[in-house]
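Below is coords11.txt, which holds compact mmCIF, C-alpha atoms.
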```
# COMPACT_ATOMS: atom_id res chain seq x y z
CA MET A 558 40.18 -28.30 -20.90
CA THR A 559 38.93 -26.37 -17.87
CA SER A 560 35.26 -26.33 -17.06
CA PHE A 561 33.83 -23.40 -15.16
CA VAL A 562 31.19 -24.18 -12.58
CA HIS A 563 28.95 -21.23 -11.82
CA HIS A 564 27.70 -21.33 -8.25
CA ALA A 565 24.55 -19.35 -7.59
CA PRO A 566 25.00 -16.81 -4.79
CA PRO A 567 23.27 -17.66 -1.49
CA VAL A 568 19.61 -16.68 -1.01
CA PRO A 569 19.48 -13.22 0.65
CA ASP A 570 16.97 -12.52 3.44
CA VAL A 571 14.21 -10.14 2.31
CA PHE A 572 11.84 -10.89 5.22
CA ASP A 573 13.28 -8.98 8.21
CA PRO A 574 11.17 -5.80 8.43
CA ARG A 575 14.02 -3.87 10.11
CA GLN A 576 16.13 -3.81 6.94
CA TYR A 577 13.37 -1.87 5.13
CA ALA A 578 13.91 1.05 7.53
CA THR A 579 17.13 1.80 5.61
CA GLY A 580 15.69 1.22 2.14
CA VAL A 581 14.03 -1.34 -0.12
CA PRO A 582 16.63 -4.11 -0.69
CA TYR A 583 16.72 -3.85 -4.51
CA ASP A 584 20.15 -5.51 -4.78
CA ALA A 585 18.87 -8.54 -2.86
CA TYR A 586 15.77 -8.61 -5.08
CA ARG A 587 18.01 -8.71 -8.18
CA VAL A 588 19.96 -11.68 -6.78
CA LEU A 589 16.65 -13.47 -6.17
CA ARG A 590 15.26 -12.65 -9.64
CA ASP A 591 18.43 -13.77 -11.40
CA HIS A 592 19.26 -16.89 -9.38
CA HIS A 593 16.36 -17.85 -7.07
CA PRO A 594 13.12 -16.47 -8.60
CA VAL A 595 11.03 -18.58 -6.19
CA ALA A 596 13.06 -18.88 -2.99
CA ARG A 597 12.51 -20.20 0.53
CA GLN A 598 12.65 -17.52 3.20
CA ASP A 599 12.90 -18.12 6.93
CA GLU A 600 10.51 -16.32 9.24
CA PRO A 601 12.35 -15.95 12.57
CA GLU A 602 10.95 -14.17 15.61
CA VAL A 603 11.43 -10.44 15.13
CA LEU A 604 10.50 -7.39 17.24
CA GLY A 605 8.55 -9.58 19.65
CA TRP A 606 6.43 -11.18 16.90
CA PRO A 607 6.62 -14.98 16.96
CA ALA A 608 8.48 -17.07 14.40
CA GLY A 609 6.58 -18.58 11.48
CA PRO A 610 7.04 -21.58 9.19
CA GLY A 611 8.72 -19.64 6.38
CA PHE A 612 7.45 -18.91 2.87
CA TRP A 613 8.25 -18.83 -0.83
CA ALA A 614 9.37 -15.38 -2.09
CA VAL A 615 8.28 -14.70 -5.69
CA THR A 616 10.31 -11.90 -7.27
CA ARG A 617 10.01 -12.00 -11.09
CA HIS A 618 7.26 -9.97 -12.78
CA ALA A 619 5.82 -12.88 -14.81
CA ASP A 620 5.60 -15.15 -11.75
CA VAL A 621 4.10 -12.40 -9.56
CA VAL A 622 1.38 -11.75 -12.15
CA ARG A 623 0.75 -15.49 -12.49
CA VAL A 624 0.26 -15.88 -8.73
CA LEU A 625 -2.01 -12.83 -8.48
CA LYS A 626 -4.19 -13.93 -11.41
CA ASP A 627 -4.57 -17.58 -10.37
CA SER A 628 -6.71 -17.42 -7.22
CA ALA A 629 -7.74 -21.08 -7.62
CA THR A 630 -4.13 -22.16 -6.98
CA TYR A 631 -2.94 -19.25 -4.82
CA SER A 632 -5.67 -18.43 -2.32
CA SER A 633 -6.23 -15.18 -0.41
CA TYR A 634 -8.76 -16.95 1.82
CA ILE A 635 -6.90 -19.95 3.27
CA GLY A 636 -4.39 -17.99 5.35
CA ALA A 637 -5.35 -14.37 4.51
CA THR A 638 -2.90 -11.95 2.88
CA GLN A 639 -0.29 -10.96 5.51
CA ILE A 640 3.04 -12.80 5.68
CA ARG A 641 2.55 -13.57 9.38
CA ASP A 642 -0.01 -16.29 10.07
CA PRO A 643 -3.06 -14.96 11.90
CA GLU A 644 -4.04 -16.62 15.17
CA PRO A 645 -6.29 -19.60 14.26
CA GLU A 646 -9.15 -18.14 16.34
CA ASP A 647 -8.90 -14.79 14.45
CA LEU A 648 -8.90 -16.36 10.98
CA PRO A 649 -12.70 -16.67 10.49
CA PHE A 650 -13.04 -12.99 11.36
CA ILE A 651 -10.18 -11.86 9.07
CA ARG A 652 -11.65 -13.90 6.20
CA ARG A 653 -14.76 -11.73 6.17
CA MET A 654 -12.77 -8.93 4.53
CA MET A 655 -12.92 -8.69 0.74
CA LEU A 656 -9.12 -8.60 0.56
CA ASN A 657 -8.99 -12.06 2.16
CA GLN A 658 -11.55 -13.79 -0.07
CA ASP A 659 -11.42 -15.73 -3.31
CA PRO A 660 -13.92 -15.72 -6.19
CA PRO A 661 -16.90 -15.99 -6.37
CA GLY A 662 -17.59 -14.46 -2.91
CA HIS A 663 -14.93 -11.84 -3.49
CA GLY A 664 -16.62 -10.69 -6.73
CA ARG A 665 -19.97 -10.13 -5.02
CA LEU A 666 -18.43 -7.86 -2.37
CA ARG A 667 -16.33 -6.06 -4.93
CA ARG A 668 -19.41 -5.27 -7.05
CA LEU A 669 -21.23 -3.90 -3.99
CA VAL A 670 -18.47 -1.54 -2.97
CA SER A 671 -17.57 -0.44 -6.50
CA ARG A 672 -21.08 1.04 -6.78
CA ALA A 673 -19.95 3.65 -4.28
CA PHE A 674 -16.98 4.75 -6.42
CA THR A 675 -19.07 6.41 -9.15
CA PRO A 676 -17.19 8.40 -11.82
CA GLY A 677 -19.33 11.45 -10.98
CA ARG A 678 -18.44 11.27 -7.30
CA ILE A 679 -14.75 10.96 -8.12
CA ASP A 680 -14.83 13.85 -10.63
CA ARG A 681 -16.51 16.16 -8.12
CA PHE A 682 -13.86 15.12 -5.66
CA THR A 683 -11.06 16.45 -7.95
CA LYS A 684 -11.90 20.07 -7.07
CA VAL A 685 -11.79 19.25 -3.34
CA ALA A 686 -8.38 17.55 -3.73
CA GLU A 687 -6.97 20.52 -5.68
CA HIS A 688 -8.07 22.99 -3.02
CA ARG A 689 -6.68 20.74 -0.26
CA ALA A 690 -3.28 20.29 -1.96
CA ARG A 691 -2.96 24.07 -2.47
CA THR A 692 -3.89 24.81 1.13
CA LEU A 693 -1.47 22.25 2.59
CA LEU A 694 1.42 23.33 0.34
CA ALA A 695 0.83 27.00 1.22
CA ARG A 696 0.89 26.05 4.89
CA ALA A 697 4.14 24.12 4.36
CA LEU A 698 5.72 27.15 2.66
CA ASP A 699 4.70 29.37 5.58
CA GLU A 700 6.13 26.85 8.04
CA ALA A 701 9.43 26.73 6.13
CA ARG A 702 9.69 30.52 5.92
CA ALA A 703 9.06 30.83 9.64
CA SER A 704 11.91 28.43 10.44
CA ASP A 705 15.17 27.62 8.61
CA GLY A 706 13.67 27.12 5.15
CA THR A 707 13.00 23.42 5.71
CA VAL A 708 9.76 21.53 6.33
CA ASP A 709 8.75 17.89 6.77
CA LEU A 710 6.50 17.18 3.77
CA VAL A 711 5.04 14.06 5.44
CA THR A 712 3.68 15.80 8.52
CA ALA A 713 2.97 19.12 6.77
CA VAL A 714 1.41 17.83 3.54
CA THR A 715 1.09 14.17 2.57
CA ASP A 716 -0.32 12.60 5.77
CA ASP A 717 -3.15 15.14 5.94
CA TYR A 718 -3.71 15.11 2.20
CA ALA A 719 -4.32 11.34 2.12
CA LEU A 720 -6.32 11.30 5.33
CA LEU A 721 -8.61 14.26 4.62
CA ASN A 722 -9.29 13.13 1.05
CA LEU A 723 -10.33 9.73 2.33
CA ALA A 724 -12.48 11.27 5.07
CA ASP A 725 -14.29 13.37 2.43
CA LEU A 726 -14.89 10.39 0.18
CA LEU A 727 -16.14 8.23 3.07
CA GLY A 728 -18.17 11.04 4.64
CA VAL A 729 -16.41 11.09 8.03
CA PRO A 730 -17.26 14.29 9.96
CA GLU A 731 -14.45 16.79 10.55
CA ALA A 732 -14.31 16.15 14.31
CA ASP A 733 -13.61 12.42 13.84
CA ARG A 734 -10.90 12.55 11.20
CA ARG A 735 -7.89 12.05 13.46
CA LEU A 736 -9.38 8.69 14.44
CA LEU A 737 -8.76 7.46 10.88
CA LEU A 738 -5.05 8.24 11.11
CA HIS A 739 -4.82 6.64 14.56
CA TRP A 740 -6.40 3.39 13.28
CA THR A 741 -4.21 3.34 10.18
CA GLN A 742 -1.01 3.82 12.16
CA ARG A 743 -2.02 1.07 14.56
CA VAL A 744 -2.83 -1.47 11.85
CA ILE A 745 -0.25 -0.65 9.17
CA GLY A 746 2.66 0.42 11.35
CA TYR A 747 2.42 -2.49 13.78
CA GLN A 748 6.01 -3.61 13.08
CA ASP A 749 7.31 -0.10 13.77
CA PRO A 750 7.54 0.95 17.44
CA ASP A 751 7.30 4.67 16.43
CA GLU A 752 3.98 4.16 14.66
CA ALA A 753 2.22 1.45 16.61
CA GLY A 754 2.87 2.77 20.11
CA PRO A 755 3.31 0.31 23.01
CA GLN A 756 2.67 -3.30 22.05
CA VAL A 757 -0.60 -4.76 23.34
CA ARG A 758 -0.09 -8.24 24.81
CA ASP A 759 -2.55 -10.97 25.73
CA SER A 760 -2.76 -12.80 29.07
CA ALA A 761 -0.01 -15.20 27.93
CA GLY A 762 2.28 -12.26 27.12
CA LYS A 763 2.04 -12.71 23.34
CA PRO A 764 1.65 -9.57 21.16
CA VAL A 765 -1.94 -9.09 19.96
CA ASN A 766 -2.34 -8.81 16.18
CA PRO A 767 -3.73 -5.33 15.33
CA ARG A 768 -6.10 -7.02 12.86
CA SER A 769 -7.69 -9.20 15.54
CA PRO A 770 -11.33 -8.57 16.55
CA ALA A 771 -10.27 -7.37 20.01
CA MET A 772 -8.15 -4.59 18.52
CA LEU A 773 -10.75 -3.46 15.97
CA ARG A 774 -13.80 -3.22 18.25
CA ASP A 775 -13.61 0.57 18.58
CA MET A 776 -13.30 1.01 14.81
CA PHE A 777 -16.26 -1.27 14.11
CA GLY A 778 -18.41 0.44 16.72
CA TYR A 779 -17.64 3.73 15.02
CA ALA A 780 -18.53 2.32 11.57
CA GLN A 781 -21.99 1.30 12.82
CA GLN A 782 -22.59 4.73 14.41
CA LEU A 783 -21.56 6.47 11.19
CA ALA A 784 -23.80 4.19 9.07
CA ALA A 785 -26.77 4.91 11.36
CA HIS A 786 -26.09 8.64 11.00
CA LYS A 787 -25.95 8.33 7.17
CA ARG A 788 -29.29 6.51 7.09
CA ARG A 789 -30.89 9.47 8.87
CA TYR A 790 -28.87 12.20 7.12
CA PRO A 791 -27.81 10.86 3.70
CA ASP A 792 -25.07 12.69 1.83
CA ASP A 793 -23.02 12.30 -1.36
CA ASP A 794 -20.39 9.93 0.05
CA VAL A 795 -19.34 6.29 0.12
CA MET A 796 -20.66 5.51 3.62
CA THR A 797 -24.14 6.76 2.63
CA THR A 798 -24.12 4.36 -0.35
CA LEU A 799 -22.95 1.44 1.81
CA ALA A 800 -25.33 2.24 4.70
CA HIS A 801 -28.32 2.13 2.32
CA ASP A 802 -27.24 -1.12 0.61
CA ALA A 803 -29.67 -3.82 1.73
CA GLU A 804 -27.37 -6.56 0.38
CA LEU A 805 -24.57 -5.70 2.82
CA SER A 806 -24.61 -7.47 6.17
CA ARG A 807 -23.62 -5.63 9.35
CA ALA A 808 -20.28 -7.47 9.47
CA GLU A 809 -19.57 -6.72 5.80
CA LEU A 810 -20.21 -3.02 6.35
CA GLU A 811 -17.72 -3.01 9.25
CA MET A 812 -15.12 -4.81 7.16
CA PHE A 813 -15.55 -2.37 4.28
CA PHE A 814 -15.07 0.55 6.63
CA PHE A 815 -11.88 -1.11 7.89
CA LEU A 816 -10.61 -1.85 4.38
CA LEU A 817 -11.39 1.61 2.99
CA THR A 818 -9.93 3.35 6.05
CA VAL A 819 -6.70 1.41 6.12
CA ALA A 820 -6.06 0.48 2.48
CA GLY A 821 -7.65 3.67 1.17
CA ASN A 822 -5.54 5.89 3.39
CA ASP A 823 -2.27 4.06 3.28
CA THR A 824 -1.93 3.62 -0.48
CA VAL A 825 -1.79 7.38 -1.01
CA ARG A 826 -0.14 8.04 2.36
CA SER A 827 2.84 5.91 1.21
CA ALA A 828 2.86 6.67 -2.52
CA ALA A 829 2.63 10.48 -2.22
CA PRO A 830 5.80 11.13 -0.16
CA GLY A 831 7.53 8.32 -2.06
CA GLY A 832 6.82 10.13 -5.33
CA LEU A 833 7.94 13.50 -3.91
CA LEU A 834 11.17 11.97 -2.56
CA THR A 835 11.85 10.37 -5.95
CA LEU A 836 11.34 13.71 -7.72
CA ALA A 837 13.58 15.50 -5.19
CA GLU A 838 16.29 12.90 -5.86
CA HIS A 839 15.89 13.33 -9.65
CA PRO A 840 15.92 17.14 -10.10
CA GLU A 841 16.18 16.91 -13.90
CA ALA A 842 13.03 14.76 -14.01
CA TYR A 843 11.22 17.25 -11.74
CA GLU A 844 12.28 20.11 -14.01
CA ARG A 845 11.08 18.26 -17.13
CA LEU A 846 7.76 17.53 -15.43
CA GLY A 847 7.37 21.24 -14.67
CA ARG A 848 8.00 22.28 -18.27
CA ASP A 849 4.64 22.17 -20.02
CA GLY A 850 4.02 19.40 -22.47
CA GLN A 851 7.37 17.62 -22.00
CA VAL A 852 5.98 14.83 -19.84
CA GLN A 853 2.35 13.88 -19.34
CA LEU A 854 1.33 13.69 -15.66
CA PRO A 855 -0.58 10.36 -15.94
CA ALA A 856 2.55 8.64 -17.32
CA ALA A 857 4.69 10.28 -14.63
CA VAL A 858 2.33 9.10 -11.86
CA ASP A 859 2.62 5.51 -13.07
CA GLU A 860 6.41 5.66 -13.28
CA LEU A 861 6.60 7.10 -9.75
CA LEU A 862 4.31 4.25 -8.59
CA ARG A 863 6.61 1.72 -10.30
CA TRP A 864 9.62 3.31 -8.61
CA HIS A 865 8.05 3.58 -5.15
CA PRO A 866 5.16 1.09 -4.86
CA PRO A 867 3.06 1.75 -1.73
CA VAL A 868 2.76 -1.99 -0.97
CA LEU A 869 5.91 -4.15 -0.93
CA THR A 870 4.45 -7.64 -0.54
CA PHE A 871 1.23 -9.65 -0.48
CA ARG A 872 0.78 -13.20 0.67
CA ARG A 873 -1.19 -16.10 -0.82
CA THR A 874 -1.47 -19.73 0.30
CA ALA A 875 -1.13 -22.66 -2.10
CA ALA A 876 -4.54 -24.35 -2.34
CA GLN A 877 -2.99 -27.45 -3.97
CA ASP A 878 0.41 -28.86 -4.83
CA THR A 879 1.82 -26.82 -7.71
CA GLU A 880 5.02 -25.75 -9.45
CA LEU A 881 6.32 -22.22 -10.02
CA ALA A 882 9.58 -21.34 -11.78
CA GLY A 883 10.65 -24.96 -11.41
CA ARG A 884 10.04 -25.15 -7.65
CA ARG A 885 7.58 -27.61 -6.13
CA ILE A 886 5.16 -25.83 -3.81
CA ARG A 887 3.01 -27.94 -1.47
CA ALA A 888 -0.61 -27.27 -0.59
CA GLY A 889 -0.79 -25.07 2.51
CA GLU A 890 2.58 -23.36 1.97
CA LYS A 891 2.81 -19.58 1.94
CA VAL A 892 3.63 -17.83 -1.32
CA VAL A 893 4.57 -14.13 -1.05
CA VAL A 894 4.75 -11.84 -4.10
CA PHE A 895 7.23 -8.94 -4.03
CA HIS A 896 5.70 -6.03 -5.95
CA ALA A 897 8.77 -3.81 -5.60
CA SER A 898 10.97 -6.52 -7.13
CA ALA A 899 8.56 -7.23 -10.02
CA ASN A 900 8.56 -3.49 -10.80
CA ARG A 901 12.35 -3.56 -11.37
CA ASP A 902 12.41 -6.77 -13.42
CA GLU A 903 14.71 -6.21 -16.40
CA ARG A 904 12.82 -8.94 -18.28
CA VAL A 905 9.85 -6.56 -18.53
CA PHE A 906 11.17 -3.02 -18.04
CA ALA A 907 13.97 -1.71 -20.27
CA ASP A 908 16.56 0.07 -18.16
CA ALA A 909 14.55 -0.89 -15.07
CA ASP A 910 16.75 1.05 -12.63
CA ARG A 911 16.34 4.32 -14.51
CA LEU A 912 13.48 6.70 -13.68
CA ASP A 913 11.70 7.51 -16.95
CA LEU A 914 8.63 9.67 -16.36
CA SER A 915 7.39 9.09 -19.91
CA ARG A 916 7.84 5.29 -19.77
CA THR A 917 5.25 3.51 -21.86
CA PRO A 918 3.98 0.84 -21.68
CA ASN A 919 4.37 0.58 -17.90
CA PRO A 920 2.87 -2.70 -16.62
CA HIS A 921 3.92 -2.14 -12.99
CA VAL A 922 2.13 -4.19 -10.33
CA SER A 923 1.94 -1.49 -7.65
CA PHE A 924 -1.85 -1.88 -7.54
CA GLY A 925 -1.67 -5.67 -7.87
CA ASP A 926 -3.23 -7.69 -10.69
CA GLY A 927 -5.96 -10.27 -11.20
CA PRO A 928 -9.25 -10.30 -9.29
CA HIS A 929 -7.80 -8.32 -6.35
CA VAL A 930 -6.41 -5.42 -8.41
CA CYS A 931 -6.77 -2.30 -6.23
CA LEU A 932 -10.38 -1.09 -6.20
CA GLY A 933 -9.34 2.50 -5.49
CA ALA A 934 -6.53 2.68 -8.08
CA HIS A 935 -8.37 5.31 -10.15
CA PHE A 936 -9.01 7.36 -7.01
CA ALA A 937 -5.36 7.02 -5.88
CA ARG A 938 -3.96 8.05 -9.29
CA LEU A 939 -6.25 11.08 -9.33
CA GLN A 940 -5.02 12.21 -5.90
CA LEU A 941 -1.37 11.74 -6.90
CA ARG A 942 -1.84 13.63 -10.19
CA VAL A 943 -3.41 16.56 -8.34
CA LEU A 944 -0.75 16.60 -5.63
CA TYR A 945 2.22 16.53 -8.05
CA ARG A 946 0.65 19.19 -10.27
CA GLU A 947 0.09 21.52 -7.29
CA THR A 948 3.58 20.79 -5.91
CA LEU A 949 5.15 21.78 -9.24
CA ARG A 950 3.16 25.01 -9.06
CA ALA A 951 4.02 25.81 -5.43
CA LEU A 952 7.64 24.60 -5.34
CA PRO A 953 9.67 25.32 -8.50
CA LEU A 954 12.63 23.65 -6.76
CA LEU A 955 12.25 20.50 -4.70
CA ARG A 956 15.28 19.38 -2.66
CA THR A 957 15.67 17.13 0.36
CA ALA A 958 17.10 18.67 3.54
CA GLY A 959 18.52 15.50 5.08
CA PRO A 960 17.63 11.82 4.98
CA SER A 961 14.00 10.69 5.06
CA LYS A 962 12.84 8.26 7.77
CA ARG A 963 11.31 5.02 6.57
CA LEU A 964 8.73 2.72 8.14
CA VAL A 965 9.95 -0.53 9.73
CA SER A 966 7.80 -2.83 7.58
CA ASN A 967 8.11 -5.62 5.01
CA PHE A 968 4.53 -4.84 3.90
CA ILE A 969 4.12 -1.06 3.44
CA ASN A 970 6.73 1.08 1.67
CA GLY A 971 6.11 4.01 4.00
CA LEU A 972 7.90 7.25 4.83
CA LYS A 973 7.60 8.69 8.35
CA SER A 974 9.35 11.95 7.47
CA LEU A 975 10.62 13.75 4.37
CA PRO A 976 12.59 16.90 5.27
CA ALA A 977 12.56 19.26 2.26
CA GLN A 978 14.42 22.46 1.45
CA ILE A 979 11.85 25.02 0.34
CA THR A 980 13.05 27.90 -1.83
```
Would you write the structure of this file as structure tokens?
Amino acid sequence: MTSFVHHAPPVPDVFDPRQYATGVPYDAYRVLRDHHPVARQDEPEVLGWPAGPGFWAVTRHADVVRVLKDSATYSSYIGATQIRDPEPEDLPFIRRMMLNQDPPGHGRLRRLVSRAFTPGRIDRFTKVAEHRARTLLARALDEARASDGTVDLVTAVTDDYALLNLADLLGVPEADRRLLLHWTQRVIGYQDPDEAGPQVRDSAGKPVNPRSPAMLRDMFGYAQQLAAHKRRYPDDDVMTTLAHDAELSRAELEMFFFLLTVAGNDTVRSAAPGGLLTLAEHPEAYERLGRDGQVQLPAAVDELLRWHPPVLTFRRTAAQDTELAGRRIRAGEKVVVFHASANRDERVFADADRLDLSRTPNPHVSFGDGPHVCLGAHFARLQLRVLYRETLRALPLLRTAGPSKRLVSNFINGLKSLPAQIT
């Protein structure tokens, strides 16, 4: 009698940010989910950034949700939420941000900032977003007609759409709005030489983390100036609400401005072109979406978010020895959840590799889960709904005109360009 021994395939590398420039490694994620659901990953030196101690990659939906919900075991505070370890001297500063806190302190900050996202404010904002989407799409059509019938939807539409919407919500004056994009590119695109610009190095020649206090001084100075302006000239915007909140310390106000500028901009800045690219690659789905009543836009937005999550990974640190999917994890070790893998987990999503714009239920984790679930998710969904609706109106046919360019990043699922054929 012959016995068959099944050897699990080797653990693929899903850390190296350079591989994400060619696409999200979904095949590697499937190997991990099926054979190594909690797997050790090396963290070698890459693109001038120093090597790290390695981490556990968590790729199944159930395990990702478990990690995100259990902040007592998997802390956002101990080592913050980026895969790379911050410099020890920067850690106290980075921990002041809501994103890098655990309950109960996290809940207090979250309550303070959620006061600024009132339903009334967001509803009034819908009209502004509609007008902006129409204007940008009309401009893109003009640009395409004036050239060879193609236009880059990232530079012509989605970058400005995300940025200007955020500037309106925050209350950033027109003249200062490019600053927001500059700061976002510097912080989010730091692994990508195109986005980050020349690397800033310290006296020892080591690259300086874009989240370090030294690199954020200009942004924080601006936040204080804007808050002072809003105290004298209040308006219907988020910075006015925060500037008048006596419970917020000066440092907390700065950190909120940072978080809203970077996270608020980049969620939509990545999801919007990702959704448009997905629709261009699935013409029958785009056509169905355009036919009234066939597919509801809210369901379509969630399926496009499942398919192209704006954030690929988030890091936690084990606060105590624990076990996950049969692996022993020691206190102090890094645990990284892979949102894009969880969103394609066949254990949760029937036909996970098929785009189904009417998929329901759709428990994707593109906005996270647990206490840190994205504060601006409602605002992001609204912007995406408006943009797709206006795109369907302006562009009956949506086709790519060559390959899109992707961000070099294992954190943000970003597109740097999306050439489209406009007819």
(request) Determine, counting only C-alpha atoms, which protein, DNA and RNA residues have an atom within 8 Å of an atom of segment 714-723 of chain A; residues of the same chain fewer than 6 positions away are not included. Present the result as a PyMOL selection string. (result) chain A and resi 685-686+689-690+693-694+697+734+737-738+818+821-823+825-826+829-830
Counting only C-alpha atoms, which residues in segment 573-651 of chain A sit no more than 8 Å from segment 928-941 of chain A? For each one, give the nearest pair of atoms and the distance in Å, sorted by chain then residue number, as a Markdown table.
```
| residue | atom | partner | partner_atom | distance |
| --- | --- | --- | --- | --- |
| A:Leu625 | CA | A:His929 | CA | 7.6 |
| A:Lys626 | CA | A:Pro928 | CA | 6.6 |
| A:Ser628 | CA | A:Pro928 | CA | 7.8 |
```
(request) Work out how far atom CA of Val622 of chain A is from atom CA of Arg942 of chain A, in Å to one decimal. (result)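 Rounded to one decimal, the two atoms are 25.7 Å apart.
Proximity to Trp606 of chain A was assessed for A:Asp659, A:Asp775, A:Glu644, A:Asp584 counting only C-alpha atoms; the smallest distance is recorded for A:Glu644.
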(request) Identify which of the residues A:Val943, A:Ala909, A:Ala882, A:Leu656 lies closest to Leu854 of chain A, counting all atoms listed in the file when measuring atom-to-atom distances. (result)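 Nearest candidate to Leu854 of chain A out of A:Val943, A:Ala909, A:Ala882, A:Leu656: A:Val943.
Distance-wise, atom CA of Val893 of chain A and atom CA of Asp570 of chain A end up 13.3 Å apart.
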Please identify every residue of segment 909-943 of chain A that has at least one atom no farther than 9 Å from an atom of segment 867-874 of chain A, counting all atoms listed in the file, and for each give the shortest atom pair and the distance in Å to one decimal, arranged by chain then increasing number, as JSON lines.
```
{"residue": "A:Ser923", "atom": "CA", "partner": "A:Val868", "partner_atom": "CA", "distance": 6.7}
{"residue": "A:Phe924", "atom": "CA", "partner": "A:Val868", "partner_atom": "CA", "distance": 8.0}
{"residue": "A:Gly925", "atom": "CA", "partner": "A:Phe871", "partner_atom": "CA", "distance": 8.9}
```
(message) Give me, as a ChimeraX atom specification, all polymer residues having an atom no more than 9 Å from Asn900 of chain A, counting all atoms listed in the file and skipping those fewer than 3 positions away in the same chain.
(response) /A:617-618,863-864,866,895-897,903,905-906,909,920-923
(request) Rounded to one decimal place, report the atom CA of Leu975 of chain A-atom CA of Arg743 of chain A distance in Å. (result) 20.6 Å
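Residue nearest His865 of chain A within the list A:Leu972, A:Val615, A:Ala629, A:Leu810: A:Leu972 [criterion: smallest interatomic distance, all atoms listed in the file].
With all atoms listed in the file as the atoms that count, the minimum distance from Val588 of chain A to the choices A:Pro566, A:Gly636, A:Pro855, A:Gly728 is reached by A:Pro566.
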(message) Just checking: using only C-alpha atoms, which residue out of A:Glu731, A:Glu860, A:Glu687, A:Asp913 ends up closest to Leu944 of chain A?
(response) A:Glu687
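The protein and nucleic acid residues lying at most 8 Å from Leu726 of chain A are Phe682, Asp794 and Val795 of chain A, with all atoms listed in the file considered and sequence neighbours fewer than 5 positions away removed.
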Selected residues, C-alpha atoms, written as a short mmCIF file (atom, residue, chain, number, x, y, z; two decimals), in the frame of the given file, please.
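Now in part36.cif:
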```cif
data_model
loop_
_atom_site.label_atom_id
_atom_site.label_comp_id
_atom_site.auth_asym_id
_atom_site.auth_seq_id
_atom_site.Cartn_x
_atom_site.Cartn_y
_atom_site.Cartn_z
CA PHE A 682 -13.86 15.12 -5.66
CA ASP A 794 -20.39 9.93 0.05
CA VAL A 795 -19.34 6.29 0.12
#
```
(request) For Gly778 of chain A, please output as a ChimeraX atom specification all residues within 12 Å (counting only C-alpha atoms; exclusion window: fewer than 2 positions along the same chain). (result) /A:770-776,780-785,807-808,810-812,814-815
(message) Quick one: residues within 9 Å of Ala608 of chain A, all atoms listed in the file, excluding same-chain residues fewer than 5 positions away - as a count of residues only?
(response) 6
How about completing segment 701-712 of chain A with N, CA and C atoms and giving it to me as a PDB file, in the coordinates of the input?
```
ATOM      1  N   ALA A 701       8.010  26.691   6.493  1.00  0.00           N
ATOM      2  CA  ALA A 701       9.430  26.730   6.130  1.00  0.00           C
ATOM      3  C   ALA A 701       9.994  28.147   6.277  1.00  0.00           C
ATOM      4  N   ARG A 702       9.220  29.131   5.834  1.00  0.00           N
ATOM      5  CA  ARG A 702       9.690  30.520   5.920  1.00  0.00           C
ATOM      6  C   ARG A 702       9.876  30.959   7.379  1.00  0.00           C
ATOM      7  N   ALA A 703       9.002  30.442   8.217  1.00  0.00           N
ATOM      8  CA  ALA A 703       9.060  30.830   9.640  1.00  0.00           C
ATOM      9  C   ALA A 703      10.224  30.168  10.366  1.00  0.00           C
ATOM     10  N   SER A 704      10.797  29.108   9.764  1.00  0.00           N
ATOM     11  CA  SER A 704      11.910  28.430  10.440  1.00  0.00           C
ATOM     12  C   SER A 704      13.187  28.621   9.608  1.00  0.00           C
ATOM     13  N   ASP A 705      13.873  27.512   9.299  1.00  0.00           N
ATOM     14  CA  ASP A 705      15.170  27.620   8.610  1.00  0.00           C
ATOM     15  C   ASP A 705      15.054  27.303   7.124  1.00  0.00           C
ATOM     16  N   GLY A 706      13.840  27.423   6.575  1.00  0.00           N
ATOM     17  CA  GLY A 706      13.670  27.120   5.150  1.00  0.00           C
ATOM     18  C   GLY A 706      13.436  25.651   4.860  1.00  0.00           C
ATOM     19  N   THR A 707      13.283  24.834   5.924  1.00  0.00           N
ATOM     20  CA  THR A 707      13.000  23.420   5.710  1.00  0.00           C
ATOM     21  C   THR A 707      11.646  23.057   6.334  1.00  0.00           C
ATOM     22  N   VAL A 708      11.043  22.002   5.800  1.00  0.00           N
ATOM     23  CA  VAL A 708       9.760  21.530   6.330  1.00  0.00           C
ATOM     24  C   VAL A 708       9.670  20.024   6.085  1.00  0.00           C
ATOM     25  N   ASP A 709       8.977  19.324   6.949  1.00  0.00           N
ATOM     26  CA  ASP A 709       8.750  17.890   6.770  1.00  0.00           C
ATOM     27  C   ASP A 709       7.482  17.718   5.929  1.00  0.00           C
ATOM     28  N   LEU A 710       7.651  17.290   4.688  1.00  0.00           N
ATOM     29  CA  LEU A 710       6.500  17.180   3.770  1.00  0.00           C
ATOM     30  C   LEU A 710       5.520  16.091   4.186  1.00  0.00           C
ATOM     31  N   VAL A 711       5.974  15.115   4.982  1.00  0.00           N
ATOM     32  CA  VAL A 711       5.040  14.060   5.440  1.00  0.00           C
ATOM     33  C   VAL A 711       4.059  14.645   6.449  1.00  0.00           C
ATOM     34  N   THR A 712       4.593  15.291   7.483  1.00  0.00           N
ATOM     35  CA  THR A 712       3.680  15.800   8.520  1.00  0.00           C
ATOM     36  C   THR A 712       2.962  17.062   8.059  1.00  0.00           C
TER      37      THR A 712
END
```
